[in-house]
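Reproduced below: structure02.tsv, with TSV, C-alpha atoms.
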chain	number	residue	atom	x	y	z
U	8	MET	CA	0.00	0.00	0.00
U	9	TYR	CA	1.34	3.44	-0.93
U	10	THR	CA	0.82	6.47	1.28
U	11	CYS	CA	1.37	10.15	0.54
U	12	ARG	CA	3.63	11.76	3.10
U	13	THR	CA	3.74	15.49	3.72
U	14	ILE	CA	6.62	17.74	4.58
U	15	ALA	CA	6.85	21.16	6.20
U	16	PHE	CA	8.86	23.87	4.50
U	17	GLY	CA	8.68	27.29	6.13
U	18	SER	CA	5.03	27.87	6.90
U	19	SER	CA	3.67	25.69	4.09
U	20	ARG	CA	2.63	22.04	4.06
U	21	LEU	CA	2.72	20.34	0.71
U	22	GLY	CA	2.16	16.84	-0.59
U	23	VAL	CA	5.01	14.66	-1.80
U	24	THR	CA	4.19	15.67	-5.36
U	25	GLY	CA	4.05	19.38	-4.52
U	26	PHE	CA	7.28	20.51	-2.90
U	27	LEU	CA	7.60	24.11	-4.07
U	28	ASP	CA	6.36	24.05	-7.67
U	29	SER	CA	7.05	20.31	-8.26
U	30	TYR	CA	8.88	17.31	-6.86
U	31	VAL	CA	12.42	16.48	-7.99
U	32	THR	CA	12.54	15.21	-11.58
U	33	GLY	CA	14.58	12.39	-13.09
U	34	THR	CA	16.06	14.81	-15.62
U	35	ALA	CA	17.35	17.03	-12.82
U	36	ILE	CA	18.95	14.06	-11.02
U	37	ARG	CA	20.64	12.86	-14.20
U	38	GLN	CA	21.94	16.30	-15.21
U	39	LEU	CA	23.30	17.03	-11.75
U	40	ARG	CA	24.86	13.56	-11.49
U	41	GLU	CA	26.56	13.88	-14.88
U	42	ALA	CA	27.82	17.34	-13.98
U	43	LYS	CA	29.62	15.68	-11.04
U	44	HIS	CA	31.04	13.01	-13.42
U	45	MET	CA	29.40	10.35	-11.27
U	46	THR	CA	27.99	7.00	-12.42
U	47	GLN	CA	24.63	5.67	-11.30
U	48	ALA	CA	26.42	3.03	-9.26
U	49	GLU	CA	28.58	5.62	-7.48
U	50	LEU	CA	25.55	7.72	-6.61
U	51	ALA	CA	23.69	4.62	-5.45
U	52	GLU	CA	26.55	3.71	-3.12
U	53	LYS	CA	26.47	7.14	-1.47
U	54	LEU	CA	22.73	6.78	-0.83
U	55	ALA	CA	22.75	3.10	0.16
U	56	VAL	CA	20.31	2.25	-2.62
U	57	SER	CA	20.67	0.15	-5.76
U	58	ALA	CA	21.90	1.42	-9.12
U	59	LYS	CA	18.62	0.12	-10.51
U	60	ALA	CA	16.76	2.55	-8.22
U	61	ILE	CA	18.81	5.45	-9.57
U	62	SER	CA	18.01	4.32	-13.11
U	63	LYS	CA	14.29	4.24	-12.33
U	64	TRP	CA	14.41	7.75	-10.90
U	65	GLU	CA	16.21	9.12	-13.94
U	66	THR	CA	13.84	7.46	-16.39
U	67	ALA	CA	10.70	8.62	-14.57
U	68	HIS	CA	9.76	5.10	-13.45
U	69	GLY	CA	9.96	5.98	-9.80
U	70	LEU	CA	10.67	8.76	-7.30
U	71	PRO	CA	13.20	8.97	-4.46
U	72	ASP	CA	11.61	8.81	-1.03
U	73	ILE	CA	11.34	12.15	0.69
U	74	SER	CA	13.78	10.97	3.36
U	75	LEU	CA	16.44	10.75	0.63
U	76	LEU	CA	16.16	14.34	-0.60
U	77	GLU	CA	18.77	15.83	1.72
U	78	PRO	CA	21.29	12.98	1.24
U	79	LEU	CA	20.66	13.10	-2.52
U	80	ALA	CA	21.23	16.86	-2.65
U	81	ALA	CA	24.41	16.49	-0.58
U	82	ALA	CA	25.72	13.73	-2.84
U	83	LEU	CA	25.11	15.90	-5.90
U	84	GLY	CA	26.73	18.92	-4.25
U	85	VAL	CA	23.67	21.16	-4.29
U	86	SER	CA	21.05	22.39	-1.83
U	87	VAL	CA	17.61	20.77	-1.61
U	88	LEU	CA	16.19	23.92	-3.18
U	89	GLU	CA	18.62	23.65	-6.10
U	90	LEU	CA	17.73	19.97	-6.46
U	91	MET	CA	14.08	20.96	-6.85
U	92	GLN	CA	15.01	23.71	-9.29
U	93	GLY	CA	17.11	21.29	-11.32
U	94	GLU	CA	20.26	23.39	-11.57
U	95	PRO	CA	22.88	24.81	-9.22
U	96	VAL	CA	22.84	28.47	-8.30
U	97	VAL	CA	25.96	30.16	-9.64
U	98	ASN	CA	27.11	33.62	-8.65
U	99	ARG	CA	27.38	35.48	-11.94
U	100	ASN	CA	27.37	38.92	-10.36
U	101	ARG	CA	30.86	39.13	-8.93
U	102	SER	CA	31.25	42.79	-9.84
U	103	ALA	CA	28.90	43.77	-6.95
U	104	ASN	CA	26.98	46.27	-9.06
U	105	LEU	CA	23.62	46.59	-7.34
U	106	LEU	CA	22.11	48.03	-10.49
U	107	ARG	CA	22.24	44.47	-11.88
U	108	SER	CA	20.37	43.00	-8.94
U	109	LYS	CA	16.90	41.48	-8.81
U	110	LEU	CA	13.85	41.93	-6.61
U	111	TYR	CA	11.23	39.35	-5.67
U	112	VAL	CA	7.67	40.00	-4.48
U	113	CYS	CA	5.48	37.31	-2.96
U	114	PRO	CA	1.94	37.57	-4.39
U	115	LEU	CA	0.47	35.92	-1.28
U	116	CYS	CA	1.97	37.77	1.69
U	117	GLY	CA	3.56	40.78	-0.06
U	118	ASN	CA	7.03	39.96	1.25
U	119	VAL	CA	9.83	41.71	-0.69
U	120	LEU	CA	13.27	40.14	-1.14
U	121	HIS	CA	16.42	41.36	-2.84
U	122	ALA	CA	19.29	39.42	-4.42
U	123	THR	CA	22.50	40.83	-5.86
U	124	GLY	CA	23.02	37.84	-8.13
U	125	GLN	CA	21.40	34.69	-9.41
U	126	ALA	CA	19.21	33.05	-6.78
U	127	VAL	CA	16.35	30.62	-6.27
U	128	VAL	CA	13.91	32.44	-3.98
U	129	SER	CA	10.74	31.02	-2.50
U	130	CYS	CA	8.09	32.34	-0.13
U	131	CYS	CA	4.78	30.91	1.08
U	132	GLY	CA	5.61	27.64	-0.65
U	133	ILE	CA	6.10	29.01	-4.17
U	134	THR	CA	9.18	29.85	-6.21
U	135	LEU	CA	9.21	33.58	-6.99
U	136	PRO	CA	10.12	34.89	-10.45
U	137	PRO	CA	12.83	37.57	-10.43
U	138	LEU	CA	11.94	41.17	-11.22
U	139	ASP	CA	14.83	42.36	-13.35
U	140	ILE	CA	15.26	46.06	-12.64
U	141	SER	CA	16.90	46.58	-16.01
U	142	GLU	CA	13.55	45.66	-17.60
U	143	ALA	CA	11.35	47.85	-15.39
U	144	ASP	CA	8.75	49.93	-17.25
U	145	ASP	CA	8.91	53.70	-17.10
U	146	ALA	CA	6.30	55.28	-14.84
U	147	ASP	CA	3.18	56.11	-16.87
U	148	GLU	CA	0.37	58.63	-16.47
U	149	HIS	CA	-1.35	56.39	-13.91
U	150	HIS	CA	1.74	56.25	-11.70
U	151	GLN	CA	2.85	59.85	-11.30
U	152	LEU	CA	5.39	60.90	-8.67
U	153	THR	CA	6.29	64.06	-6.82
U	154	LEU	CA	9.99	64.25	-5.95
U	155	GLU	CA	11.47	66.89	-3.64
U	156	ARG	CA	15.03	67.23	-2.40
U	157	VAL	CA	15.85	68.73	0.98
U	158	GLU	CA	19.61	68.83	1.43
U	159	ASP	CA	20.64	65.15	1.40
U	160	GLU	CA	17.11	63.72	1.59
U	161	LEU	CA	14.70	62.86	-1.20
U	162	PHE	CA	10.96	62.96	-0.46
U	163	VAL	CA	8.92	60.70	-2.73
U	164	THR	CA	5.13	60.70	-3.13
U	165	ILE	CA	3.34	58.46	-5.64
U	166	HIS	CA	-0.13	59.67	-6.60
U	167	HIS	CA	-1.76	56.28	-6.64
U	168	PRO	CA	-4.62	54.41	-4.92
U	169	MET	CA	-3.63	52.54	-1.75
U	170	THR	CA	-6.51	50.12	-1.42
U	171	LYS	CA	-6.30	46.46	-0.48
U	172	ASP	CA	-6.88	45.49	-4.13
U	173	HIS	CA	-4.67	48.10	-5.80
U	174	SER	CA	-1.64	49.62	-4.13
U	175	ILE	CA	2.08	50.32	-4.26
U	176	SER	CA	3.98	47.53	-2.48
U	177	PHE	CA	7.34	49.24	-2.07
U	178	ILE	CA	9.56	52.10	-3.19
U	179	ALA	CA	13.30	51.45	-3.59
U	180	CYS	CA	16.23	53.77	-4.13
U	181	LEU	CA	19.12	51.95	-5.79
U	182	THR	CA	22.65	53.26	-6.21
U	183	GLY	CA	25.84	51.50	-7.20
U	184	ASP	CA	26.58	50.33	-3.67
U	185	LYS	CA	23.37	50.64	-1.64
U	186	LEU	CA	19.73	49.62	-1.73
U	187	GLN	CA	17.19	51.50	0.38
U	188	LEU	CA	13.72	49.96	0.32
U	189	VAL	CA	10.57	51.17	2.05
U	190	LYS	CA	7.68	48.70	2.35
U	191	LEU	CA	4.24	50.27	1.95
U	192	TYR	CA	0.85	48.99	3.06
U	193	PRO	CA	-2.77	49.39	1.86
U	194	GLU	CA	-4.70	52.28	3.40
U	195	GLY	CA	-1.42	54.05	4.15
U	196	ASP	CA	0.37	56.81	2.25
U	197	ALA	CA	2.37	56.04	-0.89
U	198	SER	CA	5.23	58.21	0.27
U	199	CYS	CA	8.63	57.93	1.90
U	200	ARG	CA	12.04	59.58	2.18
U	201	PHE	CA	15.56	58.46	1.31
U	202	LYS	CA	19.05	59.60	2.21
U	203	ILE	CA	20.78	60.26	-1.09
U	204	THR	CA	24.39	60.74	-2.10
U	205	GLY	CA	25.29	60.81	-5.77
U	206	ALA	CA	23.32	59.27	-8.60
U	207	GLY	CA	20.82	56.44	-8.42
U	208	VAL	CA	17.47	55.18	-9.64
U	209	LEU	CA	14.05	54.97	-8.00
U	210	TYR	CA	11.88	51.90	-8.50
U	211	PHE	CA	8.42	51.06	-7.22
U	212	TYR	CA	6.11	48.08	-7.49
U	213	CYS	CA	2.39	48.25	-8.27
U	214	ASN	CA	0.57	45.04	-7.35
U	215	ARG	CA	-1.40	45.24	-10.62
U	216	HIS	CA	1.09	46.71	-13.07
U	217	GLY	CA	4.41	45.41	-11.82
U	218	LEU	CA	7.85	46.98	-11.41
U	219	MET	CA	8.31	50.54	-12.65
U	220	LYS	CA	11.15	53.04	-12.83
U	221	ALA	CA	10.77	56.64	-11.72
U	222	PRO	CA	12.21	59.70	-13.48
U	223	ASP	CA	15.78	60.74	-12.71
U	224	PHE	CA	15.63	62.19	-9.20
U	225	ARG	CA	18.61	64.48	-9.85
U	226	ALA	CA	16.06	66.75	-11.51
U	227	ALA	CA	13.77	66.70	-8.47
U	228	ALA	CA	12.46	70.05	-7.36
U	229	ARG	CA	14.20	71.65	-4.43
U	230	HIS	CA	12.09	71.97	-1.30
U	231	THR	CA	10.58	75.38	-0.65
U	232	PRO	CA	10.21	76.49	2.98
U	233	SER	CA	6.77	75.83	4.40
U	234	GLN	CA	4.54	78.79	5.14
U	235	LYS	CA	2.94	79.76	8.41
U	236	LEU	CA	-0.56	78.32	8.73
U	237	HIS	CA	-3.66	79.50	10.53
U	238	LEU	CA	-6.97	77.80	11.31
U	239	ARG	CA	-10.46	79.06	10.72
U	240	GLU	CA	-13.89	77.53	10.32
U	241	PRO	CA	-15.17	77.12	6.75
U	242	ASP	CA	-17.79	79.43	5.27
U	243	GLU	CA	-19.71	79.84	2.01
U	244	GLY	CA	-16.72	81.47	0.30
U	245	ASP	CA	-14.67	78.27	0.60
U	246	ARG	CA	-16.89	76.18	-1.69
U	247	GLU	CA	-14.53	75.95	-4.66
U	248	GLN	CA	-11.28	75.17	-2.88
U	249	VAL	CA	-12.89	72.72	-0.44
U	250	MET	CA	-14.36	70.70	-3.31
U	251	VAL	CA	-11.05	70.81	-5.22
U	252	TYR	CA	-9.37	69.58	-2.02
U	253	ARG	CA	-11.88	66.70	-1.92
U	254	GLU	CA	-11.23	65.74	-5.54
U	255	GLU	CA	-7.47	65.65	-5.02
U	256	PHE	CA	-7.89	62.95	-2.38
U	257	LEU	CA	-10.51	60.96	-4.27
U	258	ALA	CA	-8.32	60.88	-7.38
U	259	ILE	CA	-5.74	58.76	-5.55
U	260	SER	CA	-8.15	56.92	-3.21
U	261	SER	CA	-6.60	58.59	-0.16
U	262	ARG	CA	-8.52	58.94	3.12
U	263	LEU	CA	-9.93	62.35	4.03
U	264	ASP	CA	-9.29	62.21	7.76
U	265	GLY	CA	-10.38	65.18	9.83
U	266	THR	CA	-12.84	66.47	7.23
U	267	SER	CA	-16.20	65.51	8.74
U	268	ALA	CA	-16.71	62.83	6.07
U	269	LEU	CA	-16.22	65.29	3.19
U	270	ASP	CA	-15.71	62.35	0.82
U	271	LYS	CA	-19.40	61.42	1.31
U	272	TYR	CA	-20.65	64.83	0.14
U	273	ASP	CA	-21.13	65.95	-3.45
U	274	ASP	CA	-22.91	69.07	-2.16
U	275	PHE	CA	-20.73	71.62	-0.35
U	276	ASP	CA	-23.72	73.47	1.11
U	277	GLN	CA	-25.03	70.28	2.73
U	278	TRP	CA	-21.59	69.52	4.18
U	279	LEU	CA	-21.30	73.05	5.57
U	280	ALA	CA	-24.77	72.86	7.13
U	281	ASP	CA	-23.98	69.51	8.74
U	282	ILE	CA	-20.66	70.60	10.29
U	283	ARG	CA	-22.39	73.66	11.73
U	284	ARG	CA	-25.01	71.41	13.34
U	285	LEU	CA	-22.23	69.20	14.73
U	286	LYS	CA	-20.62	72.14	16.51
U	287	ASP	CA	-23.68	72.80	18.71
U	288	PRO	CA	-24.44	70.10	21.33
U	289	ALA	CA	-28.13	70.92	20.99
U	290	THR	CA	-28.18	69.95	17.30
U	291	THR	CA	-25.54	67.20	17.25
U	292	PRO	CA	-27.14	64.00	15.85
U	293	ALA	CA	-27.46	60.95	18.10
U	294	GLY	CA	-24.35	58.77	18.03
U	295	PHE	CA	-22.05	61.73	17.32
U	296	VAL	CA	-20.15	64.11	19.59
U	297	PRO	CA	-19.97	67.89	19.14
U	298	ALA	CA	-16.98	68.88	17.00
U	299	THR	CA	-15.49	71.91	15.28
U	300	GLN	CA	-14.23	71.71	11.72
U	301	TYR	CA	-11.25	73.85	10.73
U	302	LEU	CA	-9.52	74.69	7.48
U	303	ALA	CA	-5.71	75.02	7.62
U	304	LEU	CA	-4.74	77.90	5.32
U	305	ASP	CA	-1.37	79.36	4.35
U	306	GLU	CA	-0.46	83.04	4.15
U	307	GLN	CA	-2.19	83.33	0.75
U	308	GLU	CA	-5.39	81.70	2.10
U	309	HIS	CA	-4.62	78.56	0.10
U	310	LEU	CA	-6.19	75.44	1.62
U	311	VAL	CA	-3.37	73.16	2.78
U	312	GLY	CA	-5.22	70.81	5.10
U	313	MET	CA	-8.20	70.22	7.37
U	314	THR	CA	-8.46	69.39	11.02
U	315	ASN	CA	-11.38	68.36	13.20
U	316	LEU	CA	-11.60	68.86	16.97
U	317	ARG	CA	-14.06	66.68	18.90
U	318	HIS	CA	-15.18	68.44	22.09
U	319	HIS	CA	-15.31	65.22	24.11
U	320	LEU	CA	-14.91	61.47	23.53
U	321	ASN	CA	-17.36	58.61	23.26
U	322	ASP	CA	-16.28	54.99	23.63
U	323	TYR	CA	-15.24	54.60	19.99
U	324	LEU	CA	-13.26	57.85	19.88
U	325	LEU	CA	-11.51	56.94	23.12
U	326	ALA	CA	-10.49	53.61	21.64
U	327	TYR	CA	-9.71	54.48	18.02
U	328	GLY	CA	-10.52	58.03	16.90
U	329	GLY	CA	-9.28	60.52	19.46
U	330	HIS	CA	-10.01	64.19	19.92
U	331	ILE	CA	-8.32	65.31	16.71
U	332	GLY	CA	-8.35	64.13	13.12
U	333	TYR	CA	-6.46	65.87	10.33
U	334	SER	CA	-5.31	65.54	6.73
U	335	VAL	CA	-2.86	67.39	4.48
U	336	ARG	CA	-3.65	67.59	0.78
U	337	PRO	CA	-1.41	65.28	-1.27
U	338	SER	CA	0.25	68.09	-3.21
U	339	GLU	CA	1.30	69.83	0.04
U	340	ARG	CA	2.73	66.88	1.94
U	341	LYS	CA	6.33	66.69	3.19
U	342	ASN	CA	6.35	70.40	4.04
U	343	GLY	CA	5.91	70.05	7.80
U	344	TYR	CA	2.32	71.23	7.66
U	345	ALA	CA	0.87	68.30	9.62
U	346	SER	CA	2.92	69.22	12.68
U	347	GLN	CA	1.82	72.86	12.42
U	348	MET	CA	-1.83	71.85	12.05
U	349	LEU	CA	-1.74	69.57	15.06
U	350	ARG	CA	-0.05	72.24	17.20
U	351	LEU	CA	-2.68	74.82	16.19
U	352	THR	CA	-5.52	72.38	16.91
U	353	LEU	CA	-4.04	71.62	20.32
U	354	GLU	CA	-4.25	75.36	21.05
U	355	LYS	CA	-7.95	75.29	20.09
U	356	ALA	CA	-8.41	72.28	22.39
U	357	LYS	CA	-6.75	74.17	25.26
U	358	GLU	CA	-9.18	77.07	24.74
U	359	ARG	CA	-11.98	74.54	25.29
U	360	GLY	CA	-10.40	73.26	28.47
U	361	ILE	CA	-9.27	69.92	27.00
U	362	SER	CA	-6.14	69.36	29.04
U	363	LYS	CA	-5.44	65.78	28.01
U	364	VAL	CA	-5.83	65.01	24.31
U	365	ARG	CA	-6.29	61.54	22.85
U	366	ILE	CA	-4.92	61.17	19.33
U	367	CYS	CA	-4.64	58.02	17.22
U	368	CYS	CA	-3.03	56.86	13.98
U	369	ASP	CA	-2.59	53.65	12.03
U	370	HIS	CA	0.34	51.49	13.11
U	371	TYR	CA	1.93	51.72	9.64
U	372	ASN	CA	1.54	55.51	9.30
U	373	ILE	CA	5.04	56.43	10.38
U	374	ALA	CA	4.68	60.05	9.27
U	375	SER	CA	1.62	60.61	11.49
U	376	ALA	CA	3.30	58.90	14.43
U	377	LYS	CA	6.28	61.28	14.11
U	378	THR	CA	3.92	64.26	13.89
U	379	ILE	CA	2.14	63.20	17.08
U	380	GLN	CA	5.39	62.54	18.92
U	381	SER	CA	6.83	65.90	17.85
U	382	ASN	CA	3.83	67.55	19.56
U	383	GLY	CA	4.37	65.71	22.84
U	384	GLY	CA	2.42	62.55	22.13
U	385	VAL	CA	3.19	59.56	24.38
U	386	LEU	CA	2.21	56.14	23.06
U	387	GLU	CA	-0.13	54.30	25.44
U	388	ASP	CA	-0.71	51.10	23.46
U	389	GLU	CA	-1.92	49.61	20.20
U	390	MET	CA	-5.38	48.16	19.54
U	391	PHE	CA	-6.90	46.32	16.58
U	392	ASP	CA	-9.80	48.22	15.00
U	393	SER	CA	-12.21	45.65	13.57
U	394	SER	CA	-14.11	48.35	11.64
U	395	ASP	CA	-11.24	48.87	9.17
U	396	GLY	CA	-8.94	45.93	9.94
U	397	MET	CA	-6.08	48.20	11.02
U	398	LEU	CA	-3.83	48.21	14.07
U	399	THR	CA	-4.24	51.58	15.78
U	400	GLN	CA	-1.61	53.39	17.84
U	401	ARG	CA	-3.15	55.35	20.75
U	402	TYR	CA	-1.39	58.42	22.17
U	403	TRP	CA	-2.03	60.94	24.93
U	404	ILE	CA	-0.83	64.54	24.79
U	405	GLU	CA	-0.71	66.61	27.98
U	406	ASN	CA	-2.19	69.94	26.86
U	407	ARG	CA	-1.86	72.32	29.80

Could you write out this structure as C-alpha cells?
Amino acid sequence: MYTCRTIAFGSSRLGVTGFLDSYVTGTAIRQLREAKHMTQAELAEKLAVSAKAISKWETAHGLPDISLLEPLAAALGVSVLELMQGEPVVNRNRSANLLRSKLYVCPLCGNVLHATGQAVVSCCGITLPPLDISEADDADEHHQLTLERVEDELFVTIHHPMTKDHSISFIACLTGDKLQLVKLYPEGDASCRFKITGAGVLYFYCNRHGLMKAPDFRAAARHTPSQKLHLREPDEGDREQVMVYREEFLAISSRLDGTSALDKYDDFDQWLADIRRLKDPATTPAGFVPATQYLALDEQEHLVGMTNLRHHLNDYLLAYGGHIGYSVRPSERKNGYASQMLRLTLEKAKERGISKVRICCDHYNIASAKTIQSNGGVLEDEMFDSSDGMLTQRYWIENR
C-alpha cells in the first residue's frame, strides 16, 4: 500500500508531489549527477540504494523517497532547493553592481526580497520569479510621482490608490553600492524619504502593473520652505477650494481624515450645514459628539489641510478616533504642515479646556506617528480596530 507523506517547508505544508512548484525530476537528477562526473552506481553507493533505483528515478519510473532528498542533494553537491530547481545556483554577479540586482515580491503575503546575483527564492511555498530592474517599465500617467530634495534627503510621493486590491507595495532607491527599500501597506500613504548621495534610480512596485522606474531624481524640485498656517472655520466662500481639495484625495483613493466625512458629500452646502449642526451640542445628531471643523490655510489663504476637533470622547473615539483628526492635501505633503496643524488644533483644544488630548493613527503611518510625537504625544498602546482591519496606535498629549 502506498501512502502520501507530507513535509513542512517554512510555513507551508505540501504533498510529496508538490514541494515548491514540483517534486524532484529524473532529468534534474541525471543532469546534476553527470555534472559531477558520477555513475549511477557511485551515486547509489552514497545513498545506500541500488543502481537500478537510480536508473528508475532518472527514467521517470519511480521517485526517491522524501527521506532521501537531503542525502541526494548532498551527494550531488547542491542544496535541496537547487535539487528541486534542477540546476545549481551560480554567482554570476561578482562585480557587486547593485544596479544588476533582482527583486522578488510574494503575491500571497507581499514579502519583498532582494538578491545581488542569481538566486532561487521562494516564499509561502512558491518559487518567486525575479523582477529584473533593467527591464522595469517607465512610470506612466497612472503612476505619477512628486519628488522633492531637501539637502541630502529625497521625499517621494506616488499619486496612486492605496486600497487592499490596488496599491504600491514598495519604493526602492538603488545606487551603485546601496539599496534603500521602504515597504508600503494598503490604506497608508504612498510616500517615503531616502538619504541620497550621488546618482541612483528609483523603482516602485504596483501590485497590478508590476515593477516601474521613476524619473531621474537628480532633476527633483528643491524643497521650498513651508509657510505659516492658521486655522479658521469654513464658510460659504470656501466652496470651490474645499471641493477641489476633496477631488485631489478621491483621485488617488486617499482617506480624508479630519474632514467631517467630506468624501461622502457631493454638495458643499449640505456639508457646511452639517458641520455647523455638529458644533452645537443641541443639534448634534445621536451617536455623534460635538466637533469643530477647521480649514488650515497658508499666508495666501490657500487650503493646505483640514483638522477636526471633537469636544469630548465617546467609547469609539476613546479607543480608536481621538479628539483630533487631520489631513494634508497630497500636493502639500512633506512640508511640515501636519505638525503645524496639530499644534494649532491643540491650542484650540486648550481654549476649550481639554487638558489631556487623545490622538490616534494607524500602526503603519510612520509620518503621522512622528507628527504626534513631535507635539508631545506619548504612546499608550496599540489596539486592533475591527471596523477597518487596522492596528491603531493610541497616544495621549498633555495639553496644559

Query raised in the report: Could you pull the residues within 8 Å of Met397 (chain U), counting all atoms listed in the file, minus those fewer than 3 positions along the same chain, as a count of residues only?
Result: 5

Requested in this report: For CA of Thr170 (chain U) and CA of His216 (chain U), determine how far apart the two atoms are, in Å to one decimal place.
Outcome: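 So the two atoms, CA of Thr170 (chain U) and CA of His216 (chain U), lie 14.3 Å apart.
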
Report task. Could you please determine the separation between CA of Leu76 (chain U) and CA of Val31 (chain U) in Å, to one decimal place? Result -> 8.6 Å

Query raised in the report: Quick one: of U:Leu120, U:Ala58, U:Met219, U:Val251, who's nearest to Gln151 (chain U), counting all atoms listed in the file?
Result: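 Using all atoms listed in the file, the shortest distance to Gln151 (chain U) belongs to U:Met219.
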
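Proximity ranking of U:Gly84, U:Gly33, U:Pro288, U:Pro193 relative to Leu70 (chain U) places U:Gly33 first, based on only C-alpha atoms.
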
Requested in this report: Write out as a list of chain:residue names the residues lying within 6 Å of Gly332 (chain U), counting only C-alpha atoms and excluding same-chain residues fewer than 6 positions away.
Outcome: U:Asp264, U:Gly265, U:Thr314, U:Asn315

Keeping C-alpha atoms, export the residues of the selection given above as a CSV table (one decimal), in the coordinates of the input.
chain,number,residue,atom,x,y,z
U,264,ASP,CA,-9.3,62.2,7.8
U,265,GLY,CA,-10.4,65.2,9.8
U,314,THR,CA,-8.5,69.4,11.0
U,315,ASN,CA,-11.4,68.4,13.2

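For Glu194 (chain U), the residues within 10 Å (counting all atoms listed in the file, excluding itself and residues fewer than 4 positions away along the chain) are U:Pro168, U:Met169, U:Thr170, U:Lys171, U:Ser174, U:Ser260, U:Ser261, U:Arg262, U:Asp369, U:Tyr371, U:Asn372, U:Asp395, U:Met397.
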
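The residue that comes closest to Arg239 (chain U), out of U:Gly312, U:Pro71, U:Gly329, U:Gly384 and on the basis of all atoms listed in the file, is U:Gly312.
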
Report task. Excluding Tyr402 (chain U) and residues on its chain fewer than 4 positions from it, collect all residues at most 7 Å away from it, counting only C-alpha atoms, and give them as a list in words. Result ->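 Once the adjacent positions are removed, what remains is Arg365, Ile366, Cys367, Gly384, Val385, Leu386 and Glu387 of chain U.
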
Atoms to include: C-alpha atoms. Write the selected residues as a PDB file, keeping the file's coordinate frame.
ATOM      1  CA  ARG U 365      -6.290  61.540  22.850  1.00  0.00           C
ATOM      2  CA  ILE U 366      -4.920  61.170  19.330  1.00  0.00           C
ATOM      3  CA  CYS U 367      -4.640  58.020  17.220  1.00  0.00           C
ATOM      4  CA  GLY U 384       2.420  62.550  22.130  1.00  0.00           C
ATOM      5  CA  VAL U 385       3.190  59.560  24.380  1.00  0.00           C
ATOM      6  CA  LEU U 386       2.210  56.140  23.060  1.00  0.00           C
ATOM      7  CA  GLU U 387      -0.130  54.300  25.440  1.00  0.00           C
TER       8      GLU U 387
END

Report task. Pick out the residues sitting within 6 Å of region 197-211 of chain U, and hand them over as a ChimeraX atom specification; count only C-alpha atoms, and ignore anything fewer than 3 positions along from it in its own chain. Result -> /U:159-165,177-182,218-221

**Report entry** Nearest residue to Ile361 (chain U) from the set U:Val296, U:Leu316, U:Leu152, U:Leu349 (distances using all atoms listed in the file)
**Finding:** U:Leu316

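Minimum distance to Ser267 (chain U) across U:Ala293, U:Pro222, U:Met313, U:Gly117 (counting all atoms listed in the file) occurs at U:Met313.
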
Requested in this report: Would you please work out which residue, of U:Ala258, U:Val127, U:Val112, U:Ala122, is nearest to Val87 (chain U) when using only C-alpha atoms?
Outcome: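 For Val87 (chain U), the nearest of the candidates is U:Val127.
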
Within 9 Å of file point (-9.9, 71.4, 20.2), counting all atoms listed in the file, expressed as a compact mmCIF listing (two decimals) with C-alpha atoms, in the coordinates of the input:
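This went into point27.txt:
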# COMPACT_ATOMS: atom_id res chain seq x y z
CA ALA U 298 -16.98 68.88 17.00
CA THR U 299 -15.49 71.91 15.28
CA ASN U 315 -11.38 68.36 13.20
CA LEU U 316 -11.60 68.86 16.97
CA ARG U 317 -14.06 66.68 18.90
CA HIS U 318 -15.18 68.44 22.09
CA HIS U 330 -10.01 64.19 19.92
CA ILE U 331 -8.32 65.31 16.71
CA LEU U 351 -2.68 74.82 16.19
CA THR U 352 -5.52 72.38 16.91
CA LEU U 353 -4.04 71.62 20.32
CA GLU U 354 -4.25 75.36 21.05
CA LYS U 355 -7.95 75.29 20.09
CA ALA U 356 -8.41 72.28 22.39
CA LYS U 357 -6.75 74.17 25.26
CA GLU U 358 -9.18 77.07 24.74
CA ARG U 359 -11.98 74.54 25.29
CA GLY U 360 -10.40 73.26 28.47
CA ILE U 361 -9.27 69.92 27.00
CA VAL U 364 -5.83 65.01 24.31

Query raised in the report: Do you have the CA of Ser334 (chain U)-CA of Leu191 (chain U) distance handy?
Result: 18.6 Å
